[in-house]
file query-v8.txt (compact mmCIF, C-alpha atoms)
# COMPACT_ATOMS: atom_id res chain seq x y z
CA MET A 1 1.18 -3.13 -18.49
CA THR A 2 -1.33 -0.45 -17.57
CA ASN A 3 -2.88 -0.27 -14.12
CA GLU A 4 -6.11 -1.66 -15.62
CA GLU A 5 -4.26 -4.64 -17.13
CA ILE A 6 -2.49 -5.29 -13.83
CA GLY A 7 -5.84 -5.05 -12.04
CA ARG A 8 -7.50 -7.48 -14.44
CA GLU A 9 -4.68 -9.98 -13.96
CA LEU A 10 -4.87 -9.66 -10.18
CA VAL A 11 -8.65 -10.25 -10.25
CA ASP A 12 -8.30 -13.20 -12.64
CA LEU A 13 -5.63 -14.82 -10.46
CA ALA A 14 -7.64 -14.21 -7.27
CA ASN A 15 -10.74 -15.77 -8.82
CA THR A 16 -8.81 -18.90 -9.79
CA ASP A 17 -7.32 -19.42 -6.30
CA ARG A 18 -3.91 -18.16 -7.42
CA SER A 19 -3.50 -15.07 -5.24
CA LEU A 20 0.07 -16.00 -4.31
CA ASP A 21 0.87 -16.11 -8.03
CA ALA A 22 -0.42 -12.52 -8.21
CA VAL A 23 1.98 -11.51 -5.43
CA ASP A 24 4.90 -13.25 -7.14
CA LYS A 25 4.15 -11.79 -10.57
CA LEU A 26 2.70 -8.34 -9.93
CA TYR A 27 4.24 -6.99 -6.70
CA ALA A 28 7.36 -4.80 -6.55
CA GLN A 29 10.28 -5.67 -4.30
CA ASP A 30 9.56 -2.56 -2.21
CA ILE A 31 5.81 -3.27 -1.87
CA VAL A 32 3.97 -1.74 1.08
CA SER A 33 0.89 -3.46 2.51
CA ILE A 34 -1.50 -1.54 4.79
CA GLU A 35 -4.31 -3.22 6.70
CA GLY A 36 -7.35 -1.37 7.99
CA PRO A 37 -7.94 -0.63 11.67
CA GLY A 38 -8.79 -3.60 13.83
CA ALA A 39 -7.01 -6.12 11.62
CA ALA A 40 -5.48 -9.14 13.32
CA LEU A 41 -2.30 -8.47 11.37
CA GLN A 42 0.39 -5.84 11.66
CA GLN A 43 -1.08 -2.68 10.07
CA ARG A 44 1.91 -1.80 7.86
CA ILE A 45 4.30 -4.28 6.27
CA GLU A 46 7.08 -3.32 3.90
CA GLY A 47 9.11 -5.41 1.48
CA PHE A 48 8.27 -8.27 -0.84
CA ALA A 49 9.37 -11.12 1.46
CA ASP A 50 7.34 -9.86 4.44
CA VAL A 51 4.25 -9.04 2.36
CA ARG A 52 4.38 -12.47 0.72
CA ALA A 53 4.80 -14.09 4.15
CA LYS A 54 1.64 -12.27 5.30
CA SER A 55 -0.26 -13.77 2.37
CA VAL A 56 1.09 -17.25 3.11
CA TRP A 57 0.07 -16.84 6.78
CA TRP A 58 -3.47 -15.87 5.70
CA TYR A 59 -3.94 -18.98 3.55
CA GLU A 60 -2.38 -21.30 6.13
CA ASN A 61 -4.68 -19.99 8.86
CA HIS A 62 -7.99 -19.73 6.99
CA GLU A 63 -10.15 -22.27 5.22
CA THR A 64 -11.80 -20.56 2.27
CA HIS A 65 -15.38 -21.67 1.56
CA SER A 66 -15.89 -19.09 -1.17
CA SER A 67 -14.06 -16.08 -2.49
CA LYS A 68 -14.84 -13.57 -5.21
CA ALA A 69 -12.83 -10.63 -6.53
CA MET A 70 -14.61 -7.97 -8.58
CA GLY A 71 -13.02 -5.23 -10.64
CA PRO A 72 -10.73 -3.63 -11.27
CA PHE A 73 -12.37 -0.28 -10.65
CA CYS A 74 -10.34 2.51 -12.22
CA GLY A 75 -10.78 6.23 -11.76
CA HIS A 76 -9.05 9.40 -12.82
CA ARG A 77 -5.66 8.39 -11.37
CA GLU A 78 -3.62 6.33 -13.79
CA ASP A 79 -1.60 4.82 -10.95
CA GLN A 80 -4.43 3.27 -8.92
CA PHE A 81 -7.22 0.75 -9.12
CA ALA A 82 -9.53 -0.89 -6.60
CA VAL A 83 -10.83 -4.44 -6.22
CA LEU A 84 -13.85 -5.53 -4.19
CA PHE A 85 -13.35 -8.82 -2.35
CA GLU A 86 -16.06 -11.00 -0.81
CA MET A 87 -14.93 -13.99 1.22
CA ASP A 88 -16.46 -16.69 3.38
CA VAL A 89 -13.69 -18.12 5.55
CA THR A 90 -13.13 -20.10 8.71
CA ASN A 91 -10.24 -19.15 10.96
CA LYS A 92 -8.54 -22.51 11.51
CA PRO A 93 -7.16 -21.83 15.02
CA SER A 94 -10.45 -20.49 16.44
CA GLY A 95 -12.95 -22.31 14.23
CA GLU A 96 -14.83 -19.03 13.74
CA ARG A 97 -16.52 -18.65 10.36
CA THR A 98 -16.72 -15.12 8.96
CA GLN A 99 -18.00 -13.35 5.87
CA ILE A 100 -15.66 -10.56 4.83
CA THR A 101 -16.21 -7.73 2.38
CA GLU A 102 -13.24 -5.46 1.75
CA VAL A 103 -11.84 -3.12 -0.83
CA GLY A 104 -8.23 -3.43 -1.93
CA LEU A 105 -6.80 -0.13 -3.16
CA TYR A 106 -3.69 -0.72 -5.27
CA THR A 107 -1.04 1.76 -6.38
CA VAL A 108 1.08 0.97 -9.43
CA ALA A 109 4.47 2.29 -10.55
CA ASP A 110 6.69 1.04 -13.38
CA GLY A 111 4.31 -1.81 -14.20
CA GLN A 112 4.20 -3.29 -10.68
CA ILE A 113 2.04 -2.94 -7.60
CA VAL A 114 3.93 -0.81 -5.07
CA GLN A 115 1.20 -0.50 -2.45
CA GLU A 116 -1.90 -2.39 -1.39
CA GLU A 117 -4.29 -0.96 1.18
CA PHE A 118 -7.27 -2.86 2.52
CA LEU A 119 -10.40 -0.96 3.50
CA TYR A 120 -13.05 -2.67 5.57
CA GLN A 121 -16.74 -2.06 6.02
CA MET A 122 -17.12 -0.64 9.50
CA GLY A 123 -20.03 -0.87 11.90
call {"tool": "encode", "arguments": {"input": "query-v8.txt", "output": "C-alpha cells"}}
result
Amino acid sequence: MTNEEIGRELVDLANTDRSLDAVDKLYAQDIVSIEGPGAALQQRIEGFADVRAKSVWWYENHETHSSKAMGPFCGHREDQFAVLFEMDVTNKPSGERTQITEVGLYTVADGQIVQEEFLYQMG
C-alpha cells in the first residue's frame, strides 16, 4: 500500500470508531509514538505492545462525544502523511470535558506506519 492508501484507511477506521483496528492492522512492530509537549502521557513510546497499550488507556479513560479525522494530507515526501483530528471528550477520572484539535504526522516504511507524532495547537 502507498502512504496515501494507508492514510485513507487510518482515517476511515478512525471515523468509524475503529482506531484500535488501525493500530492492529497498520502499525509496525517497531512503531514509535511521540506526543507533543504538555501531554499527560509519556512523550516517547516505542514498540507495538506499548503503543497499543497507550491507545487502549486513552479509550478507557475518555468518553468520546464526537470525533472526526480529516485527511490524509500528503506532500512531497512519499513516506509521510498527516491527519487532522477534532475531538470532544470527557476525561473519566476528572470529569473535565475538552475539545481537542491535533495533527497526527505519520511516517511509513515497507507498507506500515513506523512513527506517529502528535502536534497540538498551542496558546
call {"tool": "residues_around", "arguments": {"input": "query-v8.txt", "residues": "Leu105 in chain A", "least_positions_apart": "2", "cutoff": "10 Å", "atoms": "only C-alpha atoms", "output": "short mmCIF file (atom, residue, chain, number, x, y, z; two decimals) with C-alpha atoms, in the coordinates of the input"}}
result
data_model
loop_
_atom_site.label_atom_id
_atom_site.label_comp_id
_atom_site.auth_asym_id
_atom_site.auth_seq_id
_atom_site.Cartn_x
_atom_site.Cartn_y
_atom_site.Cartn_z
CA ILE A 34 -1.50 -1.54 4.79
CA PRO A 72 -10.73 -3.63 -11.27
CA PHE A 73 -12.37 -0.28 -10.65
CA GLN A 80 -4.43 3.27 -8.92
CA PHE A 81 -7.22 0.75 -9.12
CA ALA A 82 -9.53 -0.89 -6.60
CA VAL A 83 -10.83 -4.44 -6.22
CA LEU A 84 -13.85 -5.53 -4.19
CA GLU A 102 -13.24 -5.46 1.75
CA VAL A 103 -11.84 -3.12 -0.83
CA THR A 107 -1.04 1.76 -6.38
CA GLN A 115 1.20 -0.50 -2.45
CA GLU A 116 -1.90 -2.39 -1.39
CA GLU A 117 -4.29 -0.96 1.18
CA PHE A 118 -7.27 -2.86 2.52
CA LEU A 119 -10.40 -0.96 3.50
#
call {"tool": "closest_residue", "arguments": {"input": "query-v8.txt", "among": "A:Asp17, A:Asp110, A:Glu9, A:Glu63", "to": "Asp88 in chain A", "atoms": "only C-alpha atoms"}}
result
A:Glu63
call {"tool": "atom_distance", "arguments": {"input": "query-v8.txt", "atom1": "CA of Ala69 in chain A", "atom2": "CA of Glu46 in chain A"}}
result
23.6 Å
call {"tool": "axis_aligned_box", "arguments": {"input": "query-v8.txt", "around": "range 85-90 of chain A", "padding_each_side": "8 Å", "output": "JSON"}}
result
{"center_x": -14.8, "center_y": -14.5, "center_z": 3.2, "size_x": 19.3, "size_y": 27.3, "size_z": 27.1}
call {"tool": "atom_distance", "arguments": {"input": "query-v8.txt", "atom1": "CA of Ser67 in chain A", "atom2": "CA of Phe85 in chain A"}}
result
7.3 Å
call {"tool": "residues_around", "arguments": {"input": "query-v8.txt", "residues": "Asn61 in chain A", "least_positions_apart": "2", "cutoff": "9 Å", "atoms": "only C-alpha atoms", "output": "list of chain:residue names"}}
result
A:Val56, A:Trp57, A:Trp58, A:Tyr59, A:Glu63, A:Thr90, A:Asn91, A:Lys92, A:Pro93
